[in-house]
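Engineer: So that you have it, the file is run_16.pdb, and it contains PDB, C-alpha atoms, pLDDT in the B column:
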ATOM      1  CA  MET A1444       0.000   0.000   0.000  1.00 40.00           C
ATOM      2  CA  VAL A1445       1.365   3.406  -1.006  1.00 37.00           C
ATOM      3  CA  LYS A1446       1.306   6.141   1.617  1.00 40.00           C
ATOM      4  CA  ALA A1447      -0.315   9.388   0.594  1.00 38.00           C
ATOM      5  CA  ASP A1448       1.901  12.445   0.578  1.00 37.00           C
ATOM      6  CA  PRO A1449       0.547  14.707   3.376  1.00 41.00           C
ATOM      7  CA  LEU A1450       1.441  17.792   1.342  1.00 38.00           C
ATOM      8  CA  LEU A1451      -0.848  16.773  -1.524  1.00 39.00           C
ATOM      9  CA  ALA A1452      -3.922  17.568   0.564  1.00 41.00           C
ATOM     10  CA  LYS A1453      -2.557  21.071   1.047  1.00 44.00           C
ATOM     11  CA  ARG A1454      -1.826  21.618  -2.657  1.00 45.00           C
ATOM     12  CA  SER A1455      -5.285  22.191  -3.976  1.00 52.00           C
ATOM     13  CA  GLY A1456      -6.140  24.734  -6.629  1.00 76.00           C
ATOM     14  CA  ASP A1457      -7.792  27.042  -4.142  1.00 91.00           C
ATOM     15  CA  THR A1458      -4.960  27.674  -1.667  1.00 96.00           C
ATOM     16  CA  TYR A1459      -3.801  31.214  -0.932  1.00 97.00           C
ATOM     17  CA  LEU A1460      -1.057  32.588   1.290  1.00 98.00           C
ATOM     18  CA  GLY A1461      -1.688  35.820   3.180  1.00 97.00           C
ATOM     19  CA  PHE A1462       0.982  38.216   4.419  1.00 97.00           C
ATOM     20  CA  ASP A1463       1.107  40.854   7.133  1.00 93.00           C
ATOM     21  CA  PHE A1464       4.178  42.804   6.003  1.00 93.00           C
ATOM     22  CA  GLY A1465       6.390  44.561   8.504  1.00 87.00           C
ATOM     23  CA  THR A1466       9.924  45.886   8.382  1.00 86.00           C
ATOM     24  CA  LYS A1467      11.009  43.596  11.255  1.00 88.00           C
ATOM     25  CA  LYS A1468       8.847  40.528  10.612  1.00 91.00           C
ATOM     26  CA  ILE A1469       6.190  39.203   8.270  1.00 94.00           C
ATOM     27  CA  GLY A1470       3.204  37.203   9.436  1.00 94.00           C
ATOM     28  CA  VAL A1471       2.016  34.448   7.112  1.00 96.00           C
ATOM     29  CA  ALA A1472      -1.313  32.620   6.925  1.00 97.00           C
ATOM     30  CA  VAL A1473      -2.738  29.971   4.628  1.00 97.00           C
ATOM     31  CA  GLY A1474      -6.324  29.697   3.461  1.00 96.00           C
ATOM     32  CA  GLN A1475      -8.619  27.879   1.075  1.00 94.00           C
ATOM     33  CA  ALA A1476     -11.254  29.528  -1.088  1.00 91.00           C
ATOM     34  CA  THR A1477     -13.463  26.433  -1.085  1.00 88.00           C
ATOM     35  CA  THR A1478     -13.866  26.322   2.689  1.00 90.00           C
ATOM     36  CA  LEU A1479     -13.410  30.077   3.183  1.00 91.00           C
ATOM     37  CA  THR A1480     -11.031  29.425   6.051  1.00 93.00           C
ATOM     38  CA  ALA A1481      -7.668  30.925   6.918  1.00 94.00           C
ATOM     39  CA  SER A1482      -5.170  29.766   9.519  1.00 94.00           C
ATOM     40  CA  ALA A1483      -2.113  31.415  11.011  1.00 92.00           C
ATOM     41  CA  LEU A1484       1.041  29.748   9.711  1.00 94.00           C
ATOM     42  CA  GLN A1485       4.247  31.389  10.894  1.00 94.00           C
ATOM     43  CA  THR A1486       6.222  34.580  11.408  1.00 93.00           C
ATOM     44  CA  ILE A1487       9.213  35.229   9.169  1.00 94.00           C
ATOM     45  CA  PRO A1488      11.893  37.569  10.495  1.00 91.00           C
ATOM     46  CA  ALA A1489      12.974  40.333   8.125  1.00 87.00           C
ATOM     47  CA  ILE A1490      16.691  40.406   7.445  1.00 82.00           C
ATOM     48  CA  LYS A1491      18.111  43.941   7.577  1.00 78.00           C
ATOM     49  CA  GLN A1492      14.583  45.235   6.865  1.00 75.00           C
ATOM     50  CA  ASN A1493      14.289  42.975   3.809  1.00 85.00           C
ATOM     51  CA  PRO A1494      11.766  40.155   3.557  1.00 89.00           C
ATOM     52  CA  GLY A1495      13.029  36.660   4.331  1.00 90.00           C
ATOM     53  CA  TRP A1496      12.833  35.561   0.698  1.00 95.00           C
ATOM     54  CA  GLU A1497      14.198  32.057   1.301  1.00 94.00           C
ATOM     55  CA  ALA A1498      11.537  31.342   3.924  1.00 95.00           C
ATOM     56  CA  ILE A1499       8.808  32.763   1.671  1.00 96.00           C
ATOM     57  CA  ALA A1500      10.027  30.660  -1.277  1.00 96.00           C
ATOM     58  CA  LYS A1501       9.962  27.562   0.919  1.00 97.00           C
ATOM     59  CA  LEU A1502       6.339  28.252   1.907  1.00 97.00           C
ATOM     60  CA  ILE A1503       5.347  28.802  -1.721  1.00 96.00           C
ATOM     61  CA  ARG A1504       7.001  25.519  -2.748  1.00 96.00           C
ATOM     62  CA  GLU A1505       5.327  23.701   0.138  1.00 96.00           C
ATOM     63  CA  TRP A1506       1.795  25.097  -0.171  1.00 96.00           C
ATOM     64  CA  ARG A1507       1.731  25.797  -3.933  1.00 96.00           C
ATOM     65  CA  PRO A1508      -0.775  28.633  -3.658  1.00 97.00           C
ATOM     66  CA  VAL A1509      -2.756  29.918  -6.615  1.00 96.00           C
ATOM     67  CA  GLY A1510      -2.450  33.481  -5.315  1.00 96.00           C
ATOM     68  CA  LEU A1511      -1.037  35.687  -2.596  1.00 97.00           C
ATOM     69  CA  VAL A1512      -2.828  38.291  -0.477  1.00 97.00           C
ATOM     70  CA  VAL A1513      -0.944  41.173   1.130  1.00 96.00           C
ATOM     71  CA  GLY A1514      -2.346  43.479   3.754  1.00 93.00           C
ATOM     72  CA  ILE A1515      -1.946  47.146   2.858  1.00 92.00           C
ATOM     73  CA  ALA A1516      -2.159  49.610   5.732  1.00 86.00           C
ATOM     74  CA  ARG A1517      -3.443  53.103   5.259  1.00 81.00           C
ATOM     75  CA  GLN A1518      -4.457  55.977   7.486  1.00 76.00           C
ATOM     76  CA  MET A1519      -8.022  56.011   8.768  1.00 76.00           C
ATOM     77  CA  ASP A1520      -8.871  58.591   6.069  1.00 79.00           C
ATOM     78  CA  GLY A1521      -7.627  56.227   3.331  1.00 76.00           C
ATOM     79  CA  THR A1522      -4.352  58.007   2.593  1.00 80.00           C
ATOM     80  CA  ASP A1523      -1.029  56.190   2.598  1.00 78.00           C
ATOM     81  CA  ASN A1524       1.012  56.012   5.775  1.00 80.00           C
ATOM     82  CA  LEU A1525       4.810  55.764   6.018  1.00 82.00           C
ATOM     83  CA  VAL A1526       4.884  51.980   5.480  1.00 83.00           C
ATOM     84  CA  THR A1527       2.317  51.777   2.636  1.00 88.00           C
ATOM     85  CA  PRO A1528       4.897  52.254  -0.174  1.00 90.00           C
ATOM     86  CA  ARG A1529       7.019  49.406   1.250  1.00 91.00           C
ATOM     87  CA  MET A1530       3.951  47.162   1.383  1.00 91.00           C
ATOM     88  CA  VAL A1531       3.136  47.925  -2.249  1.00 93.00           C
ATOM     89  CA  LYS A1532       6.780  47.255  -3.175  1.00 94.00           C
ATOM     90  CA  PHE A1533       6.515  43.899  -1.357  1.00 95.00           C
ATOM     91  CA  CYS A1534       3.446  43.097  -3.533  1.00 95.00           C
ATOM     92  CA  ARG A1535       5.390  43.834  -6.705  1.00 96.00           C
ATOM     93  CA  GLN A1536       8.375  41.798  -5.509  1.00 96.00           C
ATOM     94  CA  LEU A1537       6.169  38.785  -4.694  1.00 97.00           C
ATOM     95  CA  ALA A1538       4.546  38.947  -8.146  1.00 96.00           C
ATOM     96  CA  GLY A1539       7.900  39.313  -9.883  1.00 96.00           C
ATOM     97  CA  ARG A1540       9.662  36.560  -7.948  1.00 96.00           C
ATOM     98  CA  TYR A1541       6.942  33.915  -7.964  1.00 96.00           C
ATOM     99  CA  GLY A1542       4.764  34.713 -10.983  1.00 95.00           C
ATOM    100  CA  LEU A1543       1.577  34.446  -8.924  1.00 96.00           C
ATOM    101  CA  PRO A1544      -1.308  36.904  -8.776  1.00 96.00           C
ATOM    102  CA  VAL A1545      -0.927  39.148  -5.743  1.00 97.00           C
ATOM    103  CA  PHE A1546      -3.967  40.849  -4.250  1.00 95.00           C
ATOM    104  CA  GLN A1547      -4.232  43.733  -1.804  1.00 92.00           C
ATOM    105  CA  GLN A1548      -6.452  43.680   1.257  1.00 91.00           C
ATOM    106  CA  ASP A1549      -6.975  46.650   3.535  1.00 85.00           C
ATOM    107  CA  GLU A1550      -5.291  45.759   6.780  1.00 82.00           C
ATOM    108  CA  THR A1551      -6.035  48.887   8.734  1.00 71.00           C
ATOM    109  CA  LEU A1552      -6.104  47.895  12.407  1.00 57.00           C
ATOM    110  CA  SER A1553      -5.494  44.177  11.728  1.00 56.00           C
ATOM    111  CA  THR A1554      -2.416  44.028  13.983  1.00 57.00           C
ATOM    112  CA  PHE A1555      -4.299  45.987  16.649  1.00 60.00           C
ATOM    113  CA  GLU A1556      -7.205  43.526  16.372  1.00 60.00           C
ATOM    114  CA  ALA A1557      -4.798  40.573  16.554  1.00 54.00           C
ATOM    115  CA  LYS A1558      -3.189  42.012  19.695  1.00 54.00           C
ATOM    116  CA  GLN A1559      -6.578  42.499  21.303  1.00 60.00           C
ATOM    117  CA  LEU A1560      -7.665  38.956  20.501  1.00 59.00           C
ATOM    118  CA  LEU A1561      -4.461  37.462  21.844  1.00 52.00           C
ATOM    119  CA  PHE A1562      -3.898  39.657  24.860  1.00 53.00           C
ATOM    120  CA  ASP A1563      -7.395  40.502  26.053  1.00 57.00           C
ATOM    121  CA  ASP A1564      -9.439  37.525  24.917  1.00 52.00           C
ATOM    122  CA  VAL A1565      -6.919  34.675  25.122  1.00 51.00           C
ATOM    123  CA  GLY A1566      -4.576  36.053  27.778  1.00 55.00           C
ATOM    124  CA  VAL A1567      -1.335  35.587  25.844  1.00 54.00           C
ATOM    125  CA  ARG A1568       1.663  37.104  27.646  1.00 56.00           C
ATOM    126  CA  ALA A1569       3.371  40.157  26.132  1.00 56.00           C
ATOM    127  CA  GLY A1570       6.544  38.262  25.125  1.00 59.00           C
ATOM    128  CA  THR A1571       4.575  35.581  23.313  1.00 59.00           C
ATOM    129  CA  LEU A1572       2.278  38.199  21.818  1.00 55.00           C
ATOM    130  CA  TRP A1573       5.162  39.833  19.947  1.00 57.00           C
ATOM    131  CA  ALA A1574       6.102  36.491  18.377  1.00 65.00           C
ATOM    132  CA  VAL A1575       2.634  35.490  17.106  1.00 72.00           C
ATOM    133  CA  GLN A1576       0.617  38.672  16.560  1.00 78.00           C
ATOM    134  CA  ASP A1577       1.718  39.024  12.931  1.00 83.00           C
ATOM    135  CA  GLN A1578       0.618  35.466  12.063  1.00 86.00           C
ATOM    136  CA  LEU A1579      -2.813  36.190  13.471  1.00 86.00           C
ATOM    137  CA  ALA A1580      -2.908  39.543  11.662  1.00 87.00           C
ATOM    138  CA  ALA A1581      -2.075  37.671   8.412  1.00 93.00           C
ATOM    139  CA  GLN A1582      -4.905  35.249   9.175  1.00 91.00           C
ATOM    140  CA  LEU A1583      -7.334  38.142   9.698  1.00 90.00           C
ATOM    141  CA  ILE A1584      -6.190  39.784   6.446  1.00 93.00           C
ATOM    142  CA  LEU A1585      -6.567  36.575   4.446  1.00 94.00           C
ATOM    143  CA  GLN A1586      -9.876  35.657   6.089  1.00 91.00           C
ATOM    144  CA  THR A1587     -11.293  39.088   5.244  1.00 90.00           C
ATOM    145  CA  TRP A1588     -10.136  38.723   1.635  1.00 93.00           C
ATOM    146  CA  LEU A1589     -11.618  35.222   1.351  1.00 93.00           C
ATOM    147  CA  ASN A1590     -14.913  36.418   2.817  1.00 88.00           C
ATOM    148  CA  ASN A1591     -15.181  39.434   0.524  1.00 87.00           C
ATOM    149  CA  ARG A1592     -13.500  38.025  -2.589  1.00 78.00           C
ATOM    150  CA  THR A1593     -13.154  41.468  -4.073  1.00 51.00           C
ATOM    151  CA  PRO A1594      -9.701  41.049  -5.566  1.00 51.00           C
ATOM    152  CA  ARG A1595      -7.715  44.202  -6.191  1.00 55.00           C
ATOM    153  CA  PRO A1596      -4.497  43.259  -7.991  1.00 58.00           C
ATOM    154  CA  CYS A1597      -1.404  45.012  -6.700  1.00 62.00           C
ATOM    155  CA  PRO A1598      -0.062  47.632  -9.087  1.00 60.00           C
TER     156      PRO A1598
END
Taking this structure as input, can you express it in the form of structure tokens?

Structural biologist:
Amino acid sequence: MVKADPLLAKRSGDTYLGFDFGTKKIGVAVGQATTLTASALQTIPAIKQNPGWEAIAKLIREWRPVGLVVGIARQMDGTDNLVTPRMVKFCRQLAGRYGLPVFQQDETLSTFEAKQLLFDDVGVRAGTLWAVQDQLAAQLILQTWLNNRTPRPCP
């Protein structure tokens, strides 16, 4: 009897990876369009304020997503903040490196919401919070995108 490859179940045609970009670390989540579910995956440390491209490439090889979703933060009035241009650049770099469609999702307050969920609702300690908040923020970003399915390709 041949054993099934456990990664094959993950490699369906409806898998997406979601990213919460930051200059120090990047939260990553995985989700499926069929089930409309997203799950926190991991946090990738940025190297000298550059994305951890090797770790991202490994995740893309492992999960074989059909698309990528990146949270784009803006001010409450909709204007760009100081990090928005770097987030948009990250979108372009993902598209160029991996040849996958990359979609934007408004992430305004997603990290704040993740912190509240972890700290207030679950009681995660501050040290642990710093390590996992970006994964949860990526999950919230991807879940919102999956729920709304209003794709806005990155420029």

Engineer: When you count only C-alpha atoms, which of these residues is closest to A:Thr1551: A:Val1526, A:Leu1589, A:Ile1490, A:Val1473?

Structural biologist: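 Comparing A:Val1526, A:Leu1589, A:Ile1490, A:Val1473 against A:Thr1551, the winner is A:Val1526.
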
Engineer: Please provide as a ChimeraX atom specification all residues within 12 Å of A:Leu1525, with the sequence filter that same-chain residues fewer than 4 positions apart are discarded (counting all atoms listed in the file).

Structural biologist: /A:1465-1466,1515-1518,1529-1531

Engineer: Would you mind exporting the chosen residues as a PDB file, in the frame of the given file, restricted to C-alpha atoms?

Structural biologist:
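Result saved to out07.pdb:
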ATOM      1  CA  GLY A1465       6.390  44.561   8.504  1.00 87.00           C
ATOM      2  CA  THR A1466       9.924  45.886   8.382  1.00 86.00           C
ATOM      3  CA  ILE A1515      -1.946  47.146   2.858  1.00 92.00           C
ATOM      4  CA  ALA A1516      -2.159  49.610   5.732  1.00 86.00           C
ATOM      5  CA  ARG A1517      -3.443  53.103   5.259  1.00 81.00           C
ATOM      6  CA  GLN A1518      -4.457  55.977   7.486  1.00 76.00           C
ATOM      7  CA  ARG A1529       7.019  49.406   1.250  1.00 91.00           C
ATOM      8  CA  MET A1530       3.951  47.162   1.383  1.00 91.00           C
ATOM      9  CA  VAL A1531       3.136  47.925  -2.249  1.00 93.00           C
TER      10      VAL A1531
END

Engineer: May I have the centre and edge lengths, in Å to one decimal, of an axis-aligned box around the listed atoms of stretch 1475-1488 of chain A with 3 Å added to every side, as AutoDock Vina command-line options?

Structural biologist:
--center_x -1.0 --center_y 31.9 --center_z 5.2 --size_x 31.8 --size_y 17.2 --size_z 18.5

Engineer: Provide the atom CA of A:Leu1511 to atom CA of A:Ile1469 distance in Å, to one decimal place.

Structural biologist: 13.5 Å

Engineer: What's around A:Ile1487 at 12 Å? Count all atoms listed in the file, leave out sequence neighbours fewer than 3 positions away in its own chain, and write the answer as number ranges by chain.

Structural biologist: A: 1462-1472, 1484, 1490, 1492-1502, 1574-1578, 1581

Engineer: Do you have the atom CA of A:Pro1508-atom CA of A:Thr1480 distance handy?

Structural biologist: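 Atom CA of A:Thr1480 lies 14.1 Å from atom CA of A:Pro1508.
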
Engineer: Find the spatial neighbours of A:Thr1458, counting all atoms listed in the file, within a cut-off of 9 Å - ignore same-chain residues fewer than 2 positions away - and output them as a ChimeraX atom specification.

Structural biologist: /A:1453-1456,1460,1473-1477,1506-1511

Engineer: Using only C-alpha atoms, which residue out of A:Asn1591, A:Cys1534, A:Gly1542, A:Pro1488 lies closest to A:Val1512?

Structural biologist: A:Cys1534

Engineer: Just give me the gap between atom CA of A:Pro1544 and atom CA of A:Asp1457 in Å, one decimal is fine.

Structural biologist: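 Distance between the two atoms: 12.7 Å.
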